[in-house]
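What follows is a short report on a single structure.
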Amino acid sequence: MPPAPDRLRRALRPLLAHPRVVPATALILRARTVAPAWRLAGRELTGRRGLALYRAREGGLQVGVRHATGDLVTLGEVFHERDYDPPPAVEALLGDAPRILDLGANVGMFGAWALGRWPRADVTAYEPDPANAEVHERVIAANGLGARWRVVRAAAGASQGTVSFSSGEIALSHVLAPGERAAGQTIEVELRDVLDEVADADLVKLDIEGGEWPILSDPRFATAPPRTLAMEYHAHGAPGADPRAEAQRLLAGAGLRTADIRRHAHGDGMLWAWRT
């Protein structure tokens with residue numbers, strides 16, 4: 001007979017999968033990653049909007065959540081689902097004061113997690129969406145870490161210029177492809193060539209909604225990759241029908257090993273990569 005905890009989990013599984021229970025369960029799990037958890041859960045349940053700051057239980061830094069937006073999902077990905085926990089091979093390469101480049105930094109969840117894990121790290125964050133960047137800057141100020149954590153209000157790419165950008169989509173804001181109609185507000189933002197910074201980084205976090213492909217495809221990436229990379233790859237803009245296979249091909253061409261973090265049926269996914 002299975003142990004009692006296993007029997008209990010099996011008995012509760014149909015209940016926890018019920019459509020009315022799943023959102024509440026997710027809210028509870030995400031709320032438990034911060035303090036005070038009751039305040040975060042209460043604001044979400046009552047539909048209160050606006051920005052609130054909470055202290056992450058892991059690492060102890062402040063994080064910002066715009067209630068009734070997708071920020072809560074990002075909080076869960078970073079602090080509950082722990083998408084960015086490095087595998088041992090990556091951890092061994094980073095030391096205790098890594099230089100971190102956060103491309104597609106959103107409101108700073110990853111930065112807060114990283115500086116909680118590596119308190120002596122230095123973080124440069126790229127975020128072109130004005131609303132996201134404003135929250136990110138408030139989070140940096142709340143933590144008093146402006147000397148080692150900074151936001152660049154520009155899109156990360158493999159060239160210099162100006163690009164059309166769909167803003168106001170929270171974590172889904174992105175550089176528009178030619179002819180693409182924005183789901184959010186269309187604005188013009190600065191595009192910066194980040195390949196030199198990528199080459200100098202100990203850890204690059206790359207999540208720019210399809211903008212990763214020009215960076216990975218650039219010959220400079222193949223000759224001077226970062227020490228380690230945590231990236232989300234997207235079907236949007238992928239050079240082939242299988243985004244995961246394309247990401248692995250380009251990373252292997254730069255001499256990097258890879259390990260999956262998660263994969264989705266629609267083609268997007270996450271992986272780690274590191275120098276061998």
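Lettering and numbering for the structure tokens are positional, with chains as A, B, ... in the shown order, residues counted from 1 in each chain, and ligands counted from 1 in the shown order.
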
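The shell of residues at most 6 Å from range 107-113 of chain A, with only C-alpha atoms counted and near chain neighbours (fewer than 5 positions) removed, consists of A:Asn132, A:Val135, A:His136.
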
Limited to N, CA and C atoms, could you put the picked residues into a file as an mmCIF file, in the first residue's frame?
```cif
data_model
loop_
_atom_site.group_PDB
_atom_site.id
_atom_site.type_symbol
_atom_site.label_atom_id
_atom_site.label_comp_id
_atom_site.auth_asym_id
_atom_site.auth_seq_id
_atom_site.Cartn_x
_atom_site.Cartn_y
_atom_site.Cartn_z
ATOM 1 N N ASN A 132 7.281 49.023 -17.738
ATOM 2 C CA ASN A 132 8.080 47.989 -17.063
ATOM 3 C C ASN A 132 9.345 48.587 -16.457
ATOM 4 N N VAL A 135 8.806 50.553 -13.163
ATOM 5 C CA VAL A 135 8.667 49.678 -11.998
ATOM 6 C C VAL A 135 10.027 49.103 -11.614
ATOM 7 N N HIS A 136 10.783 48.664 -12.617
ATOM 8 C CA HIS A 136 12.112 48.081 -12.363
ATOM 9 C C HIS A 136 12.989 49.075 -11.604
#
```

Excluding Leu115 in chain A and its own-chain neighbours fewer than 5 positions away, which residues fall within 9 Å of it when counting only C-alpha atoms? Please give them as an NGL selection string. :A and (59 or 61 or 110 or 120-123 or 149)

Take the residues that were just selected and, keeping C-alpha atoms, output them as a JSON list (two decimals), in the first residue's frame.
```json
[["chain", "number", "residue", "atom", "x", "y", "z"],
["A", 59, "GLY", "CA", 17.03, 36.33, -0.83],
["A", 61, "LEU", "CA", 14.97, 41.65, -1.60],
["A", 110, "PHE", "CA", 14.99, 37.97, -12.16],
["A", 120, "ARG", "CA", 27.99, 40.46, -4.73],
["A", 121, "ALA", "CA", 26.75, 40.20, -8.33],
["A", 122, "ASP", "CA", 26.54, 43.13, -10.74],
["A", 123, "VAL", "CA", 23.39, 43.33, -12.91],
["A", 149, "TRP", "CA", 21.93, 47.11, -10.52]]
```

Determine which residues of range 87-269 of chain A receive a DSSP assignment of alpha helix (DSSP H), computed from the backbone, and state them as a PyMOL selection string. chain A and resi 88-94+109-117+130-143+195-200+212-217+219-223+243-253

Counting only C-alpha atoms, what is within 9 Å of Ala31 in chain A, bar same-chain residues fewer than 4 positions away, as a PDB file with C-alpha atoms, in the first residue's frame?
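Produced file result_23.pdb, reproduced below:
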```pdb
ATOM      1  CA  ALA A  26      -1.732  29.128  -8.123  1.00  0.00           C
ATOM      2  CA  LEU A  27      -2.422  32.364  -6.248  1.00  0.00           C
ATOM      3  CA  ALA A  35       5.918  38.615   2.678  1.00  0.00           C
ATOM      4  CA  PRO A  36       3.326  39.567   3.638  1.00  0.00           C
ATOM      5  CA  ALA A  37       1.656  36.817   1.616  1.00  0.00           C
ATOM      6  CA  TRP A  38      -1.811  37.681   2.918  1.00  0.00           C
ATOM      7  CA  ARG A  39      -1.579  41.208   1.514  1.00  0.00           C
ATOM      8  CA  LEU A  40      -0.640  40.009  -1.972  1.00  0.00           C
ATOM      9  CA  ALA A  41      -3.401  37.381  -1.985  1.00  0.00           C
ATOM     10  CA  LEU A  72       2.027  37.610 -10.630  1.00  0.00           C
ATOM     11  CA  LEU A  75       6.731  36.181  -9.798  1.00  0.00           C
ATOM     12  CA  GLY A  76       5.636  32.543  -9.775  1.00  0.00           C
TER      13      GLY A  76
END
```

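The two atoms in question, CA of Arg263 in chain A and CA of Ala105 in chain A, are spaced 20.8 Å apart.
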